[in-house]
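Pasted below: upload-v3.txt, compact mmCIF, C-alpha atoms.
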# COMPACT_ATOMS: atom_id res chain seq x y z
CA MET G 20 134.36 33.09 132.75
CA LYS G 21 130.79 32.55 131.54
CA ARG G 22 128.65 35.58 130.74
CA SER G 23 125.98 34.49 133.26
CA THR G 24 128.66 34.23 135.97
CA LYS G 25 129.87 37.74 135.17
CA LYS G 26 126.34 39.10 135.46
CA ILE G 27 125.86 37.44 138.83
CA LEU G 28 129.18 38.82 140.10
CA LYS G 29 128.24 42.33 138.94
CA ILE G 30 125.19 42.10 141.17
CA ILE G 31 126.65 40.27 144.16
CA LEU G 32 130.08 41.95 144.51
CA PRO G 33 128.86 45.57 144.85
CA LEU G 34 126.08 44.45 147.22
CA THR G 35 128.56 42.41 149.28
CA LEU G 36 130.89 45.41 149.45
CA GLY G 37 128.06 47.60 150.70
CA VAL G 38 127.00 45.14 153.39
CA PHE G 39 130.64 44.65 154.45
CA LEU G 40 131.14 48.41 154.82
CA ILE G 41 128.04 48.67 156.99
CA TRP G 42 129.28 45.82 159.20
CA TYR G 43 132.81 47.24 159.36
CA SER G 44 131.58 50.72 160.26
CA ILE G 45 129.36 49.40 163.07
CA LYS G 46 132.05 47.01 164.34
CA ASN G 47 134.61 49.82 164.63
CA SER G 48 132.24 52.15 166.48
CA THR G 49 132.03 52.35 170.26
CA PRO G 50 128.68 51.65 171.97
CA SER G 51 128.27 55.38 172.70
CA GLU G 52 128.97 56.26 169.05
CA ARG G 53 126.40 53.72 167.85
CA GLU G 54 123.90 55.05 170.37
CA GLN G 55 124.47 58.63 169.20
CA LEU G 56 124.20 57.60 165.56
CA TRP G 57 120.89 55.83 166.17
CA GLU G 58 119.57 58.75 168.23
CA ASN G 59 120.35 61.21 165.44
CA ILE G 60 118.56 59.01 162.88
CA THR G 61 115.45 58.28 164.98
CA GLN G 62 114.99 61.91 166.05
CA ALA G 63 115.05 63.27 162.49
CA HIS G 64 112.06 65.56 161.92
CA PRO G 65 109.67 63.93 159.42
CA GLY G 66 108.75 67.32 157.94
CA TRP G 67 112.21 67.79 156.44
CA ILE G 68 112.18 64.21 155.15
CA LEU G 69 108.82 64.72 153.41
CA LEU G 70 110.04 68.01 151.90
CA SER G 71 113.16 66.28 150.61
CA MET G 72 111.05 63.54 149.04
CA LEU G 73 108.82 66.15 147.37
CA LEU G 74 111.86 67.94 145.92
CA GLY G 75 113.22 64.61 144.72
CA LEU G 76 109.90 63.74 143.08
CA LEU G 77 109.89 67.11 141.28
CA SER G 78 113.36 66.36 139.90
CA HIS G 79 112.19 62.98 138.55
CA ILE G 80 109.08 64.55 136.99
CA SER G 81 111.24 67.20 135.35
CA ARG G 82 113.64 64.52 134.04
CA ALA G 83 110.74 62.62 132.45
CA TYR G 84 109.38 65.83 130.89
CA ARG G 85 112.83 66.90 129.63
CA TRP G 86 113.15 63.61 127.75
CA LYS G 87 110.46 64.65 125.27
CA PHE G 88 112.62 67.48 123.92
CA LEU G 89 115.10 64.91 122.62
CA LEU G 90 112.50 62.49 121.25
CA GLU G 91 110.23 65.02 119.51
CA PRO G 92 112.73 66.04 116.76
CA MET G 93 112.75 62.38 115.65
CA GLY G 94 108.96 62.38 115.39
CA TYR G 95 108.15 60.56 118.66
CA LYS G 96 105.81 61.84 121.37
CA PRO G 97 105.64 59.30 124.19
CA LYS G 98 103.01 59.64 126.89
CA PHE G 99 104.32 61.53 129.89
CA LEU G 100 103.28 58.79 132.35
CA ASN G 101 105.24 56.21 130.35
CA SER G 102 108.31 58.46 130.38
CA PHE G 103 108.01 59.07 134.13
CA MET G 104 107.46 55.42 134.98
CA ALA G 105 110.37 54.38 132.75
CA VAL G 106 112.62 56.81 134.65
CA MET G 107 111.52 55.48 138.05
CA VAL G 108 111.84 51.82 136.99
CA ALA G 109 115.39 52.65 135.85
CA TYR G 110 116.30 54.07 139.27
CA LEU G 111 114.81 51.01 140.95
CA ALA G 112 116.77 48.65 138.68
CA ASN G 113 120.06 50.21 139.79
CA PHE G 114 119.49 48.78 143.27
CA GLY G 115 119.58 45.30 141.78
CA ILE G 116 122.19 45.66 139.03
CA PRO G 117 124.38 48.78 139.19
CA ARG G 118 124.18 50.98 136.06
CA SER G 119 121.56 48.74 134.45
CA GLY G 120 118.80 51.29 134.83
CA GLU G 121 119.48 53.29 131.69
CA VAL G 122 119.28 50.19 129.50
CA LEU G 123 116.01 49.14 131.16
CA ARG G 124 114.71 52.68 130.78
CA GLY G 125 115.40 52.54 127.05
CA VAL G 126 113.86 49.08 126.72
CA THR G 127 110.74 50.16 128.64
CA ILE G 128 109.95 53.22 126.54
CA SER G 129 110.90 51.34 123.36
CA THR G 130 108.47 48.54 124.23
CA TYR G 131 105.47 50.62 125.23
CA GLU G 132 105.89 53.52 122.78
CA LYS G 133 107.19 51.50 119.78
CA ILE G 134 110.33 53.62 119.43
CA PRO G 135 113.53 51.94 118.12
CA PHE G 136 115.78 51.16 121.08
CA GLU G 137 118.93 52.60 119.49
CA LYS G 138 117.21 55.96 119.05
CA VAL G 139 115.91 55.95 122.60
CA PHE G 140 119.32 55.02 124.00
CA GLY G 141 120.92 57.80 121.96
CA THR G 142 118.71 60.35 123.72
CA ILE G 143 119.65 58.87 127.10
CA ILE G 144 123.34 59.36 126.25
CA SER G 145 122.54 62.97 125.35
CA GLU G 146 120.89 63.45 128.74
CA ARG G 147 123.88 61.98 130.52
CA ILE G 148 126.19 64.40 128.74
CA ALA G 149 124.06 67.33 129.93
CA ASP G 150 123.98 65.91 133.48
CA PHE G 151 127.75 65.41 133.46
CA ILE G 152 128.24 69.07 132.52
CA MET G 153 125.97 70.10 135.42
CA LEU G 154 127.89 67.88 137.84
CA MET G 155 131.16 69.47 136.73
CA LEU G 156 129.67 72.93 137.29
CA ILE G 157 128.53 71.93 140.78
CA ILE G 158 132.00 70.56 141.58
CA GLY G 159 133.49 73.87 140.41
CA ILE G 160 131.04 75.86 142.57
CA ALA G 161 131.77 73.64 145.60
CA MET G 162 135.52 74.13 145.20
CA ILE G 163 135.15 77.90 144.80
CA LEU G 164 132.98 78.13 147.94
CA GLN G 165 135.55 76.13 149.91
CA THR G 166 138.74 77.57 148.38
CA GLU G 167 139.97 78.94 151.71
CA TYR G 168 139.49 75.62 153.49
CA LEU G 169 141.08 73.67 150.65
CA LEU G 170 144.19 75.86 150.80
CA ILE G 171 144.44 75.32 154.57
CA TYR G 172 143.94 71.58 154.07
CA PHE G 173 146.68 71.50 151.41
CA GLU G 174 149.05 73.35 153.75
CA GLU G 175 148.33 71.12 156.75
CA ASN G 176 148.88 67.98 154.69
CA ASN G 177 151.92 69.28 152.74
CA ILE G 178 150.05 69.10 149.43
CA ASN G 179 151.36 71.38 146.70
CA PRO G 180 148.29 72.52 144.70
CA PHE G 181 150.48 73.72 141.82
CA LEU G 182 152.13 70.30 141.59
CA THR G 183 148.66 68.71 141.63
CA ILE G 184 147.54 70.97 138.76
CA ALA G 185 150.74 70.15 136.84
CA ILE G 186 150.06 66.42 137.27
CA LEU G 187 146.50 66.88 136.02
CA PHE G 188 147.75 68.70 132.93
CA GLY G 189 150.31 65.93 132.42
CA LEU G 190 147.56 63.31 132.60
CA LEU G 191 145.52 65.36 130.14
CA ALA G 192 148.43 65.43 127.71
CA VAL G 193 148.85 61.65 128.03
CA GLY G 194 145.11 61.24 127.43
CA ILE G 195 145.27 63.32 124.25
CA PHE G 196 148.23 61.27 123.02
CA ILE G 197 146.35 58.00 123.70
CA LEU G 198 143.30 59.35 121.86
CA LYS G 199 145.44 60.06 118.82
CA LEU G 200 146.76 56.51 118.88
CA ILE G 201 143.22 55.17 119.19
CA ARG G 202 142.07 57.18 116.18
CA LYS G 203 144.72 55.51 114.02
CA SER G 204 144.16 51.98 115.38
CA LYS G 205 142.20 49.35 113.42
CA HIS G 206 141.97 46.80 116.28
CA GLY G 207 138.50 45.28 116.82
CA VAL G 208 138.15 46.40 120.44
CA ILE G 209 139.43 49.88 119.61
CA LEU G 210 136.93 50.15 116.76
CA LYS G 211 134.12 49.40 119.25
CA VAL G 212 135.43 52.12 121.56
CA LYS G 213 135.57 54.53 118.63
CA ALA G 214 131.99 53.64 117.70
CA PHE G 215 130.86 54.33 121.26
CA ALA G 216 132.71 57.66 121.29
CA LYS G 217 131.06 58.54 118.00
CA GLY G 218 127.69 57.87 119.61
CA LEU G 219 128.55 60.28 122.42
CA LEU G 220 129.48 62.98 119.92
CA GLU G 221 126.26 62.40 118.03
CA GLY G 222 124.41 62.75 121.31
CA MET G 223 126.06 66.10 121.94
CA ARG G 224 125.11 67.28 118.46
CA SER G 225 121.49 66.23 119.02
CA ILE G 226 121.36 68.65 121.95
CA LEU G 227 122.66 71.47 119.74
CA LYS G 228 120.12 70.70 116.99
CA MET G 229 117.18 70.66 119.38
CA LYS G 230 114.40 73.19 118.74
CA ASN G 231 113.50 73.72 122.41
CA LYS G 232 117.03 74.32 123.71
CA GLY G 233 115.83 76.86 126.28
CA ALA G 234 113.29 74.48 127.80
CA PHE G 235 115.83 71.63 127.82
CA ILE G 236 118.42 73.80 129.58
CA PHE G 237 115.82 75.04 132.08
CA HIS G 238 114.80 71.50 133.03
CA THR G 239 118.44 70.38 133.25
CA VAL G 240 119.23 73.19 135.69
CA PHE G 241 115.95 72.60 137.56
CA ILE G 242 116.71 68.88 138.00
CA TRP G 243 120.07 69.58 139.60
CA VAL G 244 118.77 72.44 141.74
CA MET G 245 116.18 70.00 143.09
CA TYR G 246 118.94 67.42 143.70
CA VAL G 247 120.92 69.92 145.74
CA LEU G 248 117.85 71.16 147.64
CA MET G 249 116.60 67.66 148.48
CA PHE G 250 120.07 67.03 149.93
CA TYR G 251 120.34 70.42 151.64
CA VAL G 252 117.03 70.42 153.54
CA LEU G 253 118.03 67.20 155.30
CA VAL G 254 120.94 68.90 157.09
CA PHE G 255 118.27 70.25 159.47
CA THR G 256 117.36 66.71 160.58
CA VAL G 257 120.59 66.40 162.60
CA PRO G 258 121.36 69.15 165.16
CA GLU G 259 125.12 69.12 164.53
CA THR G 260 124.79 69.48 160.74
CA ALA G 261 122.03 72.12 160.85
CA ALA G 262 124.53 74.99 161.04
CA MET G 263 126.82 73.76 158.25
CA PRO G 264 127.83 76.42 155.70
CA PHE G 265 126.35 75.92 152.25
CA GLY G 266 129.83 75.35 150.81
CA VAL G 267 130.32 72.34 153.09
CA VAL G 268 126.94 70.98 152.05
CA MET G 269 127.96 71.30 148.40
CA MET G 270 131.21 69.42 149.00
CA ALA G 271 129.30 66.61 150.74
CA PHE G 272 126.80 66.55 147.86
CA VAL G 273 129.62 66.06 145.36
CA VAL G 274 131.07 63.21 147.43
CA GLY G 275 127.65 61.59 147.64
CA SER G 276 127.13 61.93 143.87
CA PHE G 277 130.16 59.73 143.25
CA ALA G 278 129.52 57.36 146.17
CA ILE G 279 125.98 56.53 145.02
CA SER G 280 127.32 54.57 142.04
CA ALA G 281 129.96 52.58 143.95
CA THR G 282 127.52 49.86 145.10
CA ASN G 283 123.90 48.89 144.44
CA GLY G 284 122.18 52.24 144.98
CA GLY G 285 125.06 53.41 147.17
CA ILE G 286 124.22 50.97 149.98
CA GLY G 287 126.85 51.11 152.72
CA VAL G 288 129.19 53.43 150.80
CA TYR G 289 126.98 56.53 150.65
CA PRO G 290 126.53 57.26 154.41
CA ILE G 291 130.13 56.34 155.19
CA ALA G 292 131.45 58.60 152.41
CA ILE G 293 129.22 61.48 153.56
CA GLY G 294 130.35 61.01 157.16
CA ALA G 295 134.03 60.91 156.18
CA SER G 296 133.73 64.06 154.06
CA LEU G 297 131.98 66.00 156.83
CA MET G 298 134.63 64.97 159.39
CA LEU G 299 137.08 67.08 157.35
CA PHE G 300 134.96 70.10 158.26
CA GLY G 301 134.73 69.38 161.98
CA ILE G 302 131.45 67.41 162.01
CA SER G 303 131.52 64.34 164.25
CA LYS G 304 131.50 60.89 162.68
CA GLU G 305 128.17 60.00 164.31
CA ALA G 306 126.42 63.16 163.09
CA GLY G 307 127.90 62.96 159.60
CA GLU G 308 126.97 59.31 159.12
CA ALA G 309 123.52 59.88 160.58
CA PHE G 310 122.97 62.63 158.01
CA GLY G 311 124.27 60.27 155.33
CA TRP G 312 121.91 57.48 156.41
CA ILE G 313 118.91 59.82 156.55
CA THR G 314 119.71 61.18 153.08
CA TRP G 315 120.29 57.73 151.59
CA GLY G 316 117.21 56.31 153.30
CA THR G 317 114.99 59.14 152.08
CA GLN G 318 116.16 58.84 148.48
CA THR G 319 115.96 55.05 148.59
CA PHE G 320 112.43 55.03 150.01
CA LEU G 321 111.26 57.44 147.29
CA VAL G 322 112.79 55.28 144.54
CA ILE G 323 111.37 52.03 145.96
CA LEU G 324 107.92 53.59 146.39
CA ALA G 325 107.69 55.33 142.99
CA GLY G 326 109.73 52.71 141.14
CA GLY G 327 107.74 49.80 142.55
CA PHE G 328 104.44 51.50 141.71
CA SER G 329 105.71 52.25 138.18
CA PHE G 330 106.82 48.65 137.67
CA LEU G 331 103.36 47.38 138.60
CA PHE G 332 101.33 50.08 136.84
CA LEU G 333 103.20 50.19 133.50
CA PRO G 334 101.54 47.07 132.01
CA ILE G 335 98.14 48.15 133.36
CA PHE G 336 98.44 51.63 131.87
CA ASN G 337 99.45 50.16 128.52
CA ARG G 338 97.17 47.11 128.54
CA GLN G 339 95.21 48.31 125.47
CA LYS G 340 98.41 48.17 123.45
Could the structure of this file be written out as structure tokens, please?
Amino acid sequence: MKRSTKKILKIILPLTLGVFLIWYSIKNSTPSEREQLWENITQAHPGWILLSMLLGLLSHISRAYRWKFLLEPMGYKPKFLNSFMAVMVAYLANFGIPRSGEVLRGVTISTYEKIPFEKVFGTIISERIADFIMLMLIIGIAMILQTEYLLIYFEENNINPFLTIAILFGLLAVGIFILKLIRKSKHGVILKVKAFAKGLLEGMRSILKMKNKGAFIFHTVFIWVMYVLMFYVLVFTVPETAAMPFGVVMMAFVVGSFAISATNGGIGVYPIAIGASLMLFGISKEAGEAFGWITWGTQTFLVILAGGFSFLFLPIFNRQK
């Protein structure tokens, strides 16, 4: 298969999946369910939506500011506006080509700030490692908050949690064994994988060598607190979700964090995944999906607005260069 064909399929297939899921969800809903879903969406209070957008914008600003702590030790001090606009253009790019944003982000700042791309991309890997750690912490918190429910769910569905843990440890052991085989292999593909893994390790070490570790950690925590809050305030836009316990909100947030990367910007998948997760906690399908659509729509509008402006303003801001 030609490389150009692969690129086209990477764009079209996720988008097609998202559109199909939207069609399938609507097709399998009754007229009353569709009416209730639309009513929940259209009656959402704009105040909560604006607050969510503000919290989201603060997280993006903090992400752009945090970036400088990784670039400064290498002697680079990009303009804040360039960093912010590069971040927003990256988010916008993910709606077109999934997971392409980070590359475009690196190319953007490399072009306008004259920083070698490989160094820029190394800092982006470092950021992703920090974000992954935060996501794991949030998953742990969500599971702790919902331990009682999870145990009831396991019992009702005849799931043995101890067997599940044993399987996970077994998979971990297999993973360690495979890693040992990879370390000894000299195959071309394996060598590329090893080189990528080495880059990840170097990224982790760059975080440890950073001078402003405290500021970097503060912004990392702040970014994810804003993510959770921008998600949380929107529960008040739908009457049935307004009384949800915080633990349930956290579980839905975790589900949404994984669903957002399944298609272009999470189109189709995100609201359906949110709705399905909330049904486990007694929230109706219509209310859960309405909350999912409001959340996805709010985040998407913010990215399109800020990302589109950044795309247009970047060359103007840097025209003297």
What separates CA of Ile152 in chain G and CA of Ile323 in chain G is a distance of 27.5 Å
Close residues, Ile60 in chain G itself excluded, 12 Å, all atoms listed in the file, min 3 positions apart in chain, as JSON, numbers by chain: {"G": [53, 54, 55, 56, 57, 63, 64, 65, 68, 253, 254, 255, 256, 257, 258, 290, 305, 306, 307, 308, 309, 310, 311, 312, 313, 314, 315, 316, 317]}
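Taking all atoms listed in the file, the non-local environment of Asn337 in chain G within 9 Å (same-chain residues fewer than 3 positions away omitted) comprises Asn101, Tyr131, Phe332, Leu333, Pro334 and Lys340 of chain G.
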The distance between CA of Phe237 in chain G and CA of Asp150 in chain G is 12.3 Å
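Across the structure, CA of Ile242 in chain G and CA of Lys87 in chain G are spaced 14.8 Å apart.
The nearest approach to Arg85 in chain G among the residues G:Ile291, G:Met270, G:Leu190, G:Ala234, with all atoms listed in the file taken into account, belongs to G:Ala234.
Shortest atom-to-atom contact with Ser329 in chain G among G:Leu191, G:Ala292, G:Ile236, G:Leu100: G:Leu100, counting only C-alpha atoms.
With all atoms listed in the file taken into account, the protein and nucleic acid residues at most 7 Å from range 275-277 of chain G (excluding it and anything under 3 positions from it in its own chain) are Ala271, Phe272, Ser280, Tyr289, Ala292 and Ile293 of chain G.
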Contacts of range 109-111 of chain G at 6 Å (all atoms listed in the file; same-chain gap of 5+ positions) as a list in words: Gly120, Glu121, Leu123, Arg124, Val322 and Gly326 of chain G
From the list G:Ile148, G:Met249, G:Met263, G:Val268, the nearest residue to Leu321 in chain G using only C-alpha atoms is G:Met249
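Restricting the calculation to all atoms listed in the file, the smallest distance between Ile128 in chain G and any of G:Lys98, G:His79, G:His238, G:Arg147 is found for G:Lys98.
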